[in-house]
$ cat protein.cif   # mmCIF, C-alpha atoms and all ligand atoms
data_entry
loop_
_atom_site.label_atom_id
_atom_site.label_comp_id
_atom_site.auth_asym_id
_atom_site.auth_seq_id
_atom_site.Cartn_x
_atom_site.Cartn_y
_atom_site.Cartn_z
CA MET A 1 25.28 12.79 -1.73
CA GLU A 2 26.57 9.43 -0.55
CA HIS A 3 25.43 9.96 3.02
CA TYR A 4 22.51 12.06 4.30
CA ARG A 5 23.02 14.10 7.46
CA ILE A 6 19.24 14.30 7.78
CA GLY A 7 17.72 11.52 5.70
CA LEU A 8 13.97 11.89 5.21
CA VAL A 9 13.50 10.08 1.90
CA PRO A 10 10.47 7.75 2.26
CA GLY A 11 12.56 4.64 1.72
CA PRO A 12 15.21 3.45 1.55
CA VAL A 13 15.79 4.63 5.12
CA ARG A 14 18.96 4.69 7.22
CA VAL A 15 19.97 1.25 8.55
CA PRO A 16 20.54 1.72 12.30
CA ALA A 17 23.72 0.37 13.94
CA SER A 18 21.73 -2.32 15.82
CA ILE A 19 20.69 -3.84 12.46
CA LEU A 20 23.88 -3.04 10.56
CA GLN A 21 25.82 -5.34 12.89
CA ALA A 22 24.21 -8.34 11.12
CA TRP A 23 26.59 -7.71 8.19
CA SER A 24 29.72 -7.78 10.37
CA ASN A 25 29.35 -11.52 10.95
CA ASP A 26 30.40 -14.30 8.66
CA TYR A 27 27.86 -17.07 8.01
CA GLY A 28 27.93 -20.51 6.52
CA SER A 29 25.88 -21.67 3.56
CA SER A 30 22.17 -20.94 3.89
CA ASP A 31 21.48 -24.06 1.83
CA LEU A 32 23.25 -26.42 4.23
CA GLU A 33 23.04 -25.25 7.81
CA PRO A 34 20.07 -26.06 10.08
CA GLU A 35 20.72 -22.78 11.94
CA PHE A 36 19.64 -20.88 8.83
CA PHE A 37 16.30 -22.68 8.71
CA THR A 38 15.76 -21.97 12.42
CA LEU A 39 16.34 -18.29 11.64
CA TYR A 40 13.95 -18.47 8.68
CA ARG A 41 11.27 -20.03 10.92
CA SER A 42 11.82 -17.39 13.58
CA ASN A 43 11.36 -14.63 11.00
CA GLN A 44 8.15 -16.25 9.78
CA LEU A 45 6.70 -16.33 13.32
CA LEU A 46 7.73 -12.74 14.07
CA THR A 47 6.22 -11.55 10.79
CA GLN A 48 2.94 -13.33 11.61
CA LYS A 49 2.93 -11.45 14.90
CA LEU A 50 3.71 -8.12 13.20
CA LEU A 51 0.96 -8.59 10.60
CA HIS A 52 -1.62 -10.22 12.93
CA THR A 53 -2.04 -13.25 10.74
CA SER A 54 -1.99 -17.01 10.72
CA SER A 55 -1.25 -16.99 6.97
CA ASP A 56 1.98 -18.57 5.74
CA ILE A 57 4.94 -16.20 5.43
CA VAL A 58 7.37 -16.44 2.51
CA ILE A 59 10.63 -14.53 2.71
CA THR A 60 12.55 -14.13 -0.53
CA SER A 61 15.60 -12.15 -1.57
CA GLY A 62 15.18 -9.23 -3.92
CA GLU A 63 13.57 -5.82 -3.59
CA ALA A 64 9.79 -5.42 -3.02
CA MET A 65 9.01 -5.06 -6.75
CA SER A 66 9.97 -8.74 -7.11
CA ILE A 67 6.97 -9.82 -5.02
CA LEU A 68 4.58 -7.34 -6.63
CA TRP A 69 5.39 -9.27 -9.80
CA ALA A 70 5.22 -12.61 -7.96
CA ALA A 71 1.75 -11.92 -6.57
CA LEU A 72 0.38 -11.15 -10.04
CA LYS A 73 2.22 -13.79 -12.05
CA CYS A 74 1.47 -16.58 -9.57
CA THR A 75 -2.30 -15.89 -9.46
CA LEU A 76 -3.19 -14.68 -12.97
CA ARG A 77 -2.85 -16.08 -16.46
CA PRO A 78 -3.08 -14.08 -19.69
CA GLY A 79 -6.75 -13.31 -20.38
CA ASP A 80 -7.77 -13.42 -16.67
CA LYS A 81 -9.51 -10.38 -15.18
CA MET A 82 -7.97 -8.21 -12.47
CA LEU A 83 -9.32 -5.09 -10.79
CA ALA A 84 -6.77 -2.57 -9.48
CA VAL A 85 -8.24 -0.34 -6.77
CA SER A 86 -6.20 2.79 -7.15
CA SER A 87 -5.84 6.15 -5.47
CA GLY A 88 -2.22 6.57 -6.47
CA LEU A 89 0.78 5.60 -8.56
CA PHE A 90 1.36 2.17 -7.02
CA GLY A 91 -2.34 1.30 -7.28
CA GLU A 92 -2.32 2.10 -10.97
CA GLY A 93 1.03 0.38 -11.41
CA PHE A 94 -0.55 -2.99 -10.57
CA ALA A 95 -2.80 -2.65 -13.65
CA ASP A 96 0.12 -1.72 -15.91
CA MET A 97 2.15 -4.70 -14.69
CA ALA A 98 -0.74 -7.14 -15.19
CA ARG A 99 -1.49 -5.82 -18.69
CA ALA A 100 2.17 -6.31 -19.61
CA PHE A 101 1.66 -10.09 -19.47
CA GLY A 102 -1.76 -10.19 -21.08
CA VAL A 103 -4.10 -9.87 -18.10
CA SER A 104 -7.32 -7.96 -18.71
CA ALA A 105 -6.95 -5.31 -16.00
CA GLU A 106 -9.36 -2.53 -15.11
CA VAL A 107 -8.68 0.32 -12.70
CA CYS A 108 -11.21 1.48 -10.13
CA ALA A 109 -9.71 4.93 -9.89
CA PHE A 110 -9.91 7.59 -7.19
CA PRO A 111 -8.12 10.93 -6.96
CA TYR A 112 -4.53 10.73 -5.72
CA ASP A 113 -5.27 13.05 -2.79
CA ASP A 114 -8.07 10.80 -1.57
CA VAL A 115 -8.68 7.13 -0.64
CA PRO A 116 -10.92 4.51 -2.30
CA ASP A 117 -14.67 4.56 -1.78
CA PRO A 118 -15.76 0.94 -1.06
CA GLN A 119 -19.26 1.44 -2.50
CA LYS A 120 -17.81 2.29 -5.92
CA VAL A 121 -15.40 -0.63 -5.66
CA ARG A 122 -18.31 -2.96 -4.89
CA GLU A 123 -20.27 -1.78 -7.96
CA HIS A 124 -17.22 -2.13 -10.23
CA THR A 125 -16.43 -5.57 -8.80
CA ARG A 126 -19.97 -6.91 -9.27
CA ALA A 127 -20.05 -5.76 -12.87
CA PHE A 128 -16.51 -6.91 -13.78
CA ARG A 129 -16.15 -10.15 -11.70
CA PRO A 130 -12.33 -10.13 -11.44
CA ARG A 131 -10.23 -13.10 -10.25
CA VAL A 132 -7.92 -10.81 -8.30
CA ILE A 133 -8.42 -7.41 -6.67
CA THR A 134 -5.33 -5.39 -5.81
CA ALA A 135 -5.07 -2.49 -3.36
CA VAL A 136 -2.35 -0.40 -1.74
CA HIS A 137 -2.41 0.31 2.00
CA CYS A 138 -0.07 3.33 1.99
CA GLU A 139 0.26 5.17 -1.31
CA THR A 140 3.77 6.40 -0.59
CA PRO A 141 3.82 9.04 -3.39
CA SER A 142 0.59 10.62 -2.04
CA GLY A 143 1.22 10.16 1.70
CA THR A 144 -2.21 8.55 2.15
CA LEU A 145 -3.31 5.48 4.12
CA THR A 146 -6.40 3.57 2.98
CA PRO A 147 -8.72 3.06 5.96
CA CYS A 148 -11.11 0.61 4.26
CA LEU A 149 -8.93 -2.48 3.61
CA ALA A 150 -11.30 -4.77 5.55
CA GLU A 151 -14.24 -3.64 3.45
CA LEU A 152 -12.30 -4.12 0.22
CA GLY A 153 -11.34 -7.60 1.44
CA SER A 154 -14.97 -8.59 1.94
CA ILE A 155 -15.89 -7.21 -1.49
CA ALA A 156 -13.20 -9.41 -3.05
CA HIS A 157 -14.42 -12.49 -1.20
CA GLU A 158 -18.07 -11.79 -2.15
CA VAL A 159 -17.15 -12.59 -5.76
CA GLY A 160 -14.55 -15.26 -4.96
CA ALA A 161 -11.61 -13.04 -5.94
CA LEU A 162 -8.22 -13.05 -4.22
CA PHE A 163 -7.38 -9.86 -2.33
CA VAL A 164 -3.77 -8.76 -2.92
CA VAL A 165 -2.46 -5.83 -0.88
CA ASP A 166 0.76 -3.84 -1.14
CA PHE A 167 1.61 -2.75 2.41
CA VAL A 168 5.28 -2.20 1.57
CA SER A 169 5.47 1.23 3.20
CA SER A 170 2.98 0.84 6.05
CA ALA A 171 3.28 -2.55 7.80
CA GLY A 172 5.01 -2.16 11.14
CA GLY A 173 4.33 1.58 11.21
CA ALA A 174 0.56 1.64 10.79
CA GLU A 175 -2.19 -0.47 12.28
CA LEU A 176 -2.78 -3.52 10.11
CA SER A 177 -4.33 -6.94 10.57
CA VAL A 178 -3.94 -9.22 7.57
CA ASP A 179 -6.53 -11.67 8.89
CA GLU A 180 -9.15 -9.07 9.82
CA CYS A 181 -8.79 -7.44 6.39
CA GLY A 182 -9.11 -10.76 4.56
CA ILE A 183 -5.81 -10.22 2.75
CA ASP A 184 -4.90 -13.27 0.65
CA ILE A 185 -1.48 -12.06 -0.45
CA GLY A 186 0.19 -9.24 1.51
CA LEU A 187 3.41 -7.64 0.28
CA LEU A 188 6.18 -6.10 2.39
CA GLY A 189 9.64 -4.79 1.53
CA SER A 190 12.72 -4.47 3.71
CA GLN A 191 13.94 -0.91 3.08
CA LYS A 192 10.96 0.95 4.52
CA VAL A 193 9.66 0.46 8.10
CA LEU A 194 11.89 -2.59 8.62
CA SER A 195 14.94 -0.34 8.07
CA LEU A 196 17.08 -2.91 6.27
CA THR A 197 18.82 -2.56 2.94
CA SER A 198 16.57 -3.19 -0.07
CA SER A 199 17.44 -6.88 -0.04
CA LEU A 200 14.44 -8.89 1.14
CA SER A 201 10.75 -9.22 0.38
CA ILE A 202 8.07 -10.74 2.59
CA SER A 203 4.73 -12.13 1.44
CA SER A 204 1.83 -13.38 3.53
CA ILE A 205 -0.07 -16.09 1.69
CA SER A 206 -3.51 -17.39 2.74
CA PRO A 207 -4.64 -21.00 2.20
CA ARG A 208 -7.03 -19.71 -0.52
CA ALA A 209 -4.12 -17.99 -2.26
CA TRP A 210 -2.00 -21.19 -2.13
CA GLY A 211 -4.86 -23.01 -3.88
CA VAL A 212 -4.83 -20.52 -6.76
CA ILE A 213 -1.02 -20.41 -6.88
CA GLU A 214 -0.90 -24.19 -7.26
CA THR A 215 -3.49 -24.16 -10.03
CA VAL A 216 -1.80 -21.37 -11.99
CA ASN A 217 1.56 -23.11 -11.40
CA TYR A 218 3.69 -20.22 -12.69
CA ALA A 219 7.36 -21.08 -13.22
CA GLY A 220 10.03 -18.42 -12.95
CA TYR A 221 12.53 -16.83 -10.59
CA GLU A 222 9.82 -15.08 -8.55
CA ALA A 223 7.49 -18.12 -8.32
CA TYR A 224 6.09 -18.80 -4.84
CA THR A 225 5.62 -22.53 -5.32
CA GLY A 226 9.08 -23.64 -4.16
CA TRP A 227 8.80 -21.67 -0.90
CA ARG A 228 5.83 -23.38 0.72
CA ASN A 229 7.65 -25.77 3.05
CA VAL A 230 11.09 -24.23 3.50
CA PRO A 231 11.62 -24.76 7.25
CA GLU A 232 10.33 -28.35 7.07
CA SER A 233 12.10 -29.41 3.88
CA HIS A 234 15.37 -27.48 4.42
CA TYR A 235 15.23 -26.75 0.72
CA MET A 236 14.94 -23.41 -1.14
CA PRO A 237 14.73 -22.52 -4.84
CA TYR A 238 17.96 -20.49 -4.51
CA THR A 239 20.66 -19.57 -2.00
CA HIS A 240 19.28 -17.11 0.54
CA ASP A 241 20.85 -13.96 2.00
CA TRP A 242 21.80 -15.02 5.54
CA HIS A 243 23.12 -11.59 6.53
CA ALA A 244 19.86 -9.92 5.56
CA MET A 245 17.81 -12.63 7.27
CA LYS A 246 19.77 -12.00 10.48
CA ALA A 247 19.17 -8.26 10.09
CA LEU A 248 15.46 -8.93 9.57
CA ASN A 249 15.36 -10.94 12.79
CA ILE A 250 16.84 -8.00 14.74
CA SER A 251 14.37 -5.60 13.15
CA LEU A 252 11.29 -7.78 13.65
CA ASN A 253 12.18 -8.42 17.28
CA ALA A 254 12.40 -4.67 17.88
CA LEU A 255 9.21 -3.84 15.95
CA THR A 256 7.09 -6.51 17.67
CA SER A 257 8.23 -5.71 21.19
CA GLY A 258 8.32 -1.91 21.16
CA ASP A 259 5.86 0.93 20.66
CA SER A 260 6.38 1.28 16.92
CA LEU A 261 2.85 2.43 16.05
CA LEU A 262 2.88 5.21 18.63
CA ARG A 263 6.37 6.30 17.54
CA HIS A 264 5.18 6.57 13.92
CA GLU A 265 1.98 8.42 14.88
CA LYS A 266 3.93 10.97 16.93
CA ALA A 267 6.52 11.61 14.21
CA ALA A 268 3.77 12.00 11.60
CA GLU A 269 1.81 14.43 13.75
CA LEU A 270 4.90 16.50 14.41
CA CYS A 271 5.70 16.58 10.70
CA ARG A 272 2.19 17.77 9.79
CA ASP A 273 2.12 20.35 12.61
CA MET A 274 5.52 21.82 11.72
CA GLY A 275 4.57 21.85 8.04
CA ARG A 276 1.35 23.70 8.78
CA GLU A 277 3.22 26.26 10.91
CA ALA A 278 5.67 26.75 8.05
CA GLY A 279 2.76 27.52 5.70
CA LEU A 280 3.02 24.27 3.71
CA ARG A 281 -0.16 22.73 2.31
CA LEU A 282 -0.81 19.01 2.85
CA PHE A 283 -1.39 17.06 -0.35
CA PRO A 284 -3.99 14.61 1.05
CA LYS A 285 -7.49 16.11 1.12
CA ARG A 286 -8.07 15.41 4.79
CA GLU A 287 -5.72 14.96 7.71
CA GLU A 288 -7.47 11.68 8.74
CA ILE A 289 -6.23 9.90 5.61
CA CYS A 290 -2.56 10.89 6.09
CA SER A 291 -0.19 7.96 6.57
CA PRO A 292 1.79 7.66 9.82
CA THR A 293 4.83 6.68 7.73
CA VAL A 294 5.10 9.49 5.14
CA THR A 295 3.78 13.04 4.70
CA ALA A 296 3.20 14.67 1.31
CA PHE A 297 3.13 18.46 0.93
CA TYR A 298 2.63 20.64 -2.13
CA VAL A 299 5.81 22.36 -3.31
CA PRO A 300 5.22 26.03 -2.35
CA ASP A 301 4.09 28.29 -5.24
CA HIS A 302 7.06 30.63 -4.96
CA MET A 303 9.68 27.97 -5.70
CA THR A 304 10.26 24.97 -7.96
CA TRP A 305 11.01 21.44 -6.76
CA PRO A 306 14.58 21.50 -8.14
CA GLU A 307 15.20 24.77 -6.22
CA LEU A 308 13.76 23.33 -3.01
CA ASP A 309 15.66 20.05 -3.40
CA ALA A 310 18.97 21.81 -4.08
CA ALA A 311 18.59 24.17 -1.11
CA LEU A 312 17.78 21.25 1.19
CA ARG A 313 20.69 19.18 -0.07
CA GLU A 314 23.03 22.10 0.59
CA ARG A 315 22.03 21.78 4.25
CA GLY A 316 22.44 17.97 4.25
CA VAL A 317 18.70 17.26 4.11
CA ALA A 318 17.27 14.73 1.66
CA VAL A 319 13.50 14.34 1.17
CA GLY A 320 11.49 12.58 -1.54
CA GLY A 321 10.45 14.16 -4.81
CA ASN A 322 7.68 12.58 -6.83
CA TYR A 323 6.69 10.72 -9.98
CA GLY A 324 4.09 10.80 -12.73
CA THR A 325 1.50 13.56 -12.46
CA LEU A 326 2.79 14.48 -8.99
CA ALA A 327 6.36 15.15 -10.19
CA GLY A 328 7.46 18.70 -9.38
CA ARG A 329 4.19 19.48 -7.55
CA VAL A 330 4.33 17.32 -4.44
CA PHE A 331 7.28 16.39 -2.19
CA ARG A 332 7.43 13.87 0.64
CA ILE A 333 8.92 13.58 4.09
CA GLY A 334 9.58 10.00 5.17
CA HIS A 335 9.14 9.17 8.85
CA MET A 336 9.17 5.39 8.70
CA GLY A 337 11.26 2.86 10.59
CA SER A 338 14.50 4.48 11.73
CA GLN A 339 13.10 7.88 10.62
CA ALA A 340 10.11 7.71 12.98
CA ASP A 341 12.09 9.83 15.39
CA CYS A 342 10.70 13.20 16.53
CA GLU A 343 14.17 14.72 16.90
CA LEU A 344 15.15 13.85 13.34
CA VAL A 345 11.82 15.04 11.90
CA SER A 346 11.98 18.26 13.91
CA GLU A 347 15.54 19.00 12.75
CA GLY A 348 14.55 18.43 9.12
CA MET A 349 11.28 20.36 9.30
CA LYS A 350 13.04 23.38 10.87
CA ILE A 351 15.34 23.58 7.87
CA ILE A 352 12.43 23.05 5.46
CA ALA A 353 10.59 25.93 7.17
CA GLN A 354 13.61 28.21 6.81
CA ILE A 355 14.01 27.39 3.13
CA THR A 356 10.35 27.56 2.13
CA GLY A 357 9.56 30.65 4.26
CA LYS A 358 8.91 33.69 2.05
CA ARG A 359 11.28 36.57 2.64
C1 LIG B 401 8.69 1.42 -1.93
C2 LIG B 401 7.45 0.82 -2.39
C3 LIG B 401 7.44 -0.28 -3.23
C4 LIG B 401 8.70 -0.90 -3.75
O1 LIG B 401 9.16 -0.05 -4.73
P1 LIG B 401 10.61 0.60 -4.80
O2 LIG B 401 10.34 2.06 -5.06
O3 LIG B 401 11.27 -0.07 -5.88
O4 LIG B 401 11.26 0.39 -3.48
C5 LIG B 401 6.21 -0.82 -3.58
N1 LIG B 401 5.05 -0.29 -3.14
C6 LIG B 401 5.02 0.78 -2.34
C7 LIG B 401 3.70 1.34 -1.88
C8 LIG B 401 6.22 1.37 -1.93
O5 LIG B 401 6.20 2.45 -1.13
#

$ encode --input "protein.cif" --output "C-alpha cells" --more "lines below"
Ligand SMILES: *Cc1c(COP(=O)(O)O)cnc(C)c1O
Amino acid sequence: MEHYRIGLVPGPVRVPASILQAWSNDYGSSDLEPEFFTLYRSNQLLTQKLLHTSSDIVITSGEAMSILWAALKCTLRPGDKMLAVSSGLFGEGFADMARAFGVSAEVCAFPYDDVPDPQKVREHTRAFRPRVITAVHCETPSGTLTPCLAELGSIAHEVGALFVVDFVSSAGGAELSVDECGIDIGLLGSQKVLSLTSSLSISSISPRAWGVIETVNYAGYEAYTGWRNVPESHYMPYTHDWHAMKALNISLNALTSGDSLLRHEKAAELCRDMGREAGLRLFPKREEICSPTVTAFYVPDHMTWPELDAALRERGVAVGGNYGTLAGRVFRIGHMGSQADCELVSEGMKIIAQITGKR
C-alpha cells in the first residue's frame, strides 16, 4: 500500500497538509543564508520549550537511529562501561549497539510488559559503576511509558554517570521535562509525534554531556562536536535540510501552543476503551503504564498476525506489527502526532473490532 486510508502505524505517521507545505517552497543554500540560521535558532528555542529544558539543542539531518549512535559514540570509548535500563526492544538495543564498538555494556532488564524498577537499577548501578546509563521513555514495541525517568536520572548522577534517554516516540505527546529528569542527552526523531518525514533528529545536550563529548572527541559523520555553536558561527559540518527545518518549525509551533498532551491522552484512552470492548487484551501489565502515543494489544488467539494484518489492509487500515520476541504475538496502534485524533482512532478501532470479533 502506497497510501493508508486509515494510517495507525506507530511512526512514521501521516504528514499533515499544514506541514507538507514546507516542501512546496524553494530555498537557498543552508550553508550561506542568514535566514537559515535564524530558523535553526528558532527551532532550538521551540524545542527547549517543548522539552522543558535549558540544555543546548542540536538538530541534525538523518533518521533518529543516527543520534542513538551519536549519543553512544560521542560519550563512550571501547572498554568503557555502560548500563542499559531495559524493559523493551529499544532498551536492549542500546546495549547491542554499544557492544558493537567494544563498550562493556550490561543490561538491567525488566519484562517487556512492565517498566523499570528504580531500586533494582540503583543496586545494579552501584555495583557496576557505569559511565553512561541509557533508558527509553516510551518503548514503542510494548506500548509502555516509563514513569520513573527522574529517579533513574538521580541514580545516574549519584555515580557520576551521564543519563541518556530515547524519547523518540513520546516527546510532545507525553509529559516530559528534560531538566527535572536530569537527562544529559535526550533523543527525538521527526517521524513520530512531530509528524514530519523521517528526515531530522533532535538531541538535547547538557553542559555535563558537552564536557564528556569534548573529552571523548569522537570523529565521524554523527559526531556532535561540530554542532555546538551553529547559530553563532553560521557554520555546520554538512549542508542541512532547509525544507525539513521549515517543516519542523511549523510542527514545533503547533505542538508548543496547542493542547497536544490532552489530545494524545484522549486518543489513547479511546483506543484502550474500544479495544477492551472488542475483547482485545492489552499487552502492558497495567493500564497506568500505557503510553499516550501508542497502544499494544495481544493478537487474538483465534487468528494469526498475518491474517489480522491482511484483513485490515483489505479495508485500508495499517497498524504496527512487532519485532523480536513480540513478533506475531503483539500488534500496535499508533496515536501519535497527526494520529492523535479521536475520529481517526475510532474509525480504525471499529474496523479492528469487526475483524477480530469471533463469529
Ligand atoms: C521509532 C523509534 C526510534 C527510531 O527508530 P526507527 O524505527 O528507525 O524509526 C528509536 N527509538 C524509539 C523508541 C522509537 O520508537

$ closest_residue --input "protein.cif" --among "A:Val216, A:Ile6, A:Gly337, A:Gln21" --to "Ala171 of chain A" --atoms "only C-alpha atoms"
A:Gly337

$ closest_residue --input "protein.cif" --among "A:Thr239, A:Pro231, A:Ile333, A:Val345" --to "Glu35 of chain A" --atoms "all atoms listed in the file"
A:Pro231

$ closest_residue --input "protein.cif" --among "A:Leu8, A:Val159, A:Ala98, A:Val168" --to "ligand LIG 401 (chain B)" --atoms "only C-alpha atoms and all ligand atoms"
A:Val168

$ atom_distance --input "protein.cif" --atom1 "atom CA of Leu32 of chain A" --atom2 "atom CA of Thr47 of chain A"
23.5 Å

$ residues_near_ligand --input "protein.cif" --ligand "ligand LIG 401 (chain B)" --cutoff "7 Å" --atoms "only C-alpha atoms and all ligand atoms" --output "list of chain:residue names"
A:Gly11, A:Glu63, A:Ala64, A:Met65, A:Phe90, A:Val136, A:Cys138, A:Glu139, A:Thr140, A:Asp166, A:Phe167, A:Val168, A:Ser169, A:Gly189, A:Lys192

$ residues_near_point --input "protein.cif" --point "(14.5, -14.8, 3.3)" --cutoff "9 Å" --atoms "all atoms listed in the file" --output "list in words"
Tyr40, Asn43, Val58, Ile59, Thr60, Ser61, Leu200, Ser201, Ile202, His240, Asp241, Trp242, Ala244, Met245 and Leu248 of chain A

$ residues_near_point --input "protein.cif" --point "(12.2, 6.9, 2.8)" --cutoff "6 Å" --atoms "only C-alpha atoms" --output "JSON, numbers by chain"
{"A": [8, 9, 10, 11, 12, 13, 334]}

$ closest_residue --input "protein.cif" --among "A:Asp31, A:Asp96, A:Glu175, A:Glu222" --to "His137 of chain A" --atoms "all atoms listed in the file"
A:Glu175

$ closest_residue --input "protein.cif" --among "A:Gly186, A:Pro116, A:Gly173, A:Gly324" --to "Leu252 of chain A" --atoms "only C-alpha atoms"
A:Gly173

$ closest_residue --input "protein.cif" --among "A:Ile57, A:Ala247, A:Val107, A:Ala310" --to "Arg228 of chain A" --atoms "only C-alpha atoms"
A:Ile57

$ residues_around --input "protein.cif" --residues "Arg99 of chain A" --least-positions-apart "4" --cutoff "12 Å" --atoms "only C-alpha atoms" --output "ChimeraX atom specification"
/A:69,72-73,76-84,92-95,103-107

$ residues_around --input "protein.cif" --residues "Pro118 of chain A" --least-positions-apart "6" --cutoff "12 Å" --atoms "all atoms listed in the file" --output "PyMOL selection string"
chain A and resi 85-86+108-110+124-125+135+146-156

$ residues_around --input "protein.cif" --residues "Gly348 of chain A" --least-positions-apart "3" --cutoff "12 Å" --atoms "only C-alpha atoms" --output "PyMOL selection string"
chain A and resi 4-9+267+270-271+274-275+312-313+315-319+332-335+339+341-345+351-355

$ atom_distance --input "protein.cif" --atom1 "atom CA of Ser198 of chain A" --atom2 "atom CA of Gly62 of chain A"
7.3 Å

$ atom_distance --input "protein.cif" --atom1 "atom CA of Ser233 of chain A" --atom2 "atom CA of Leu162 of chain A"
27.3 Å
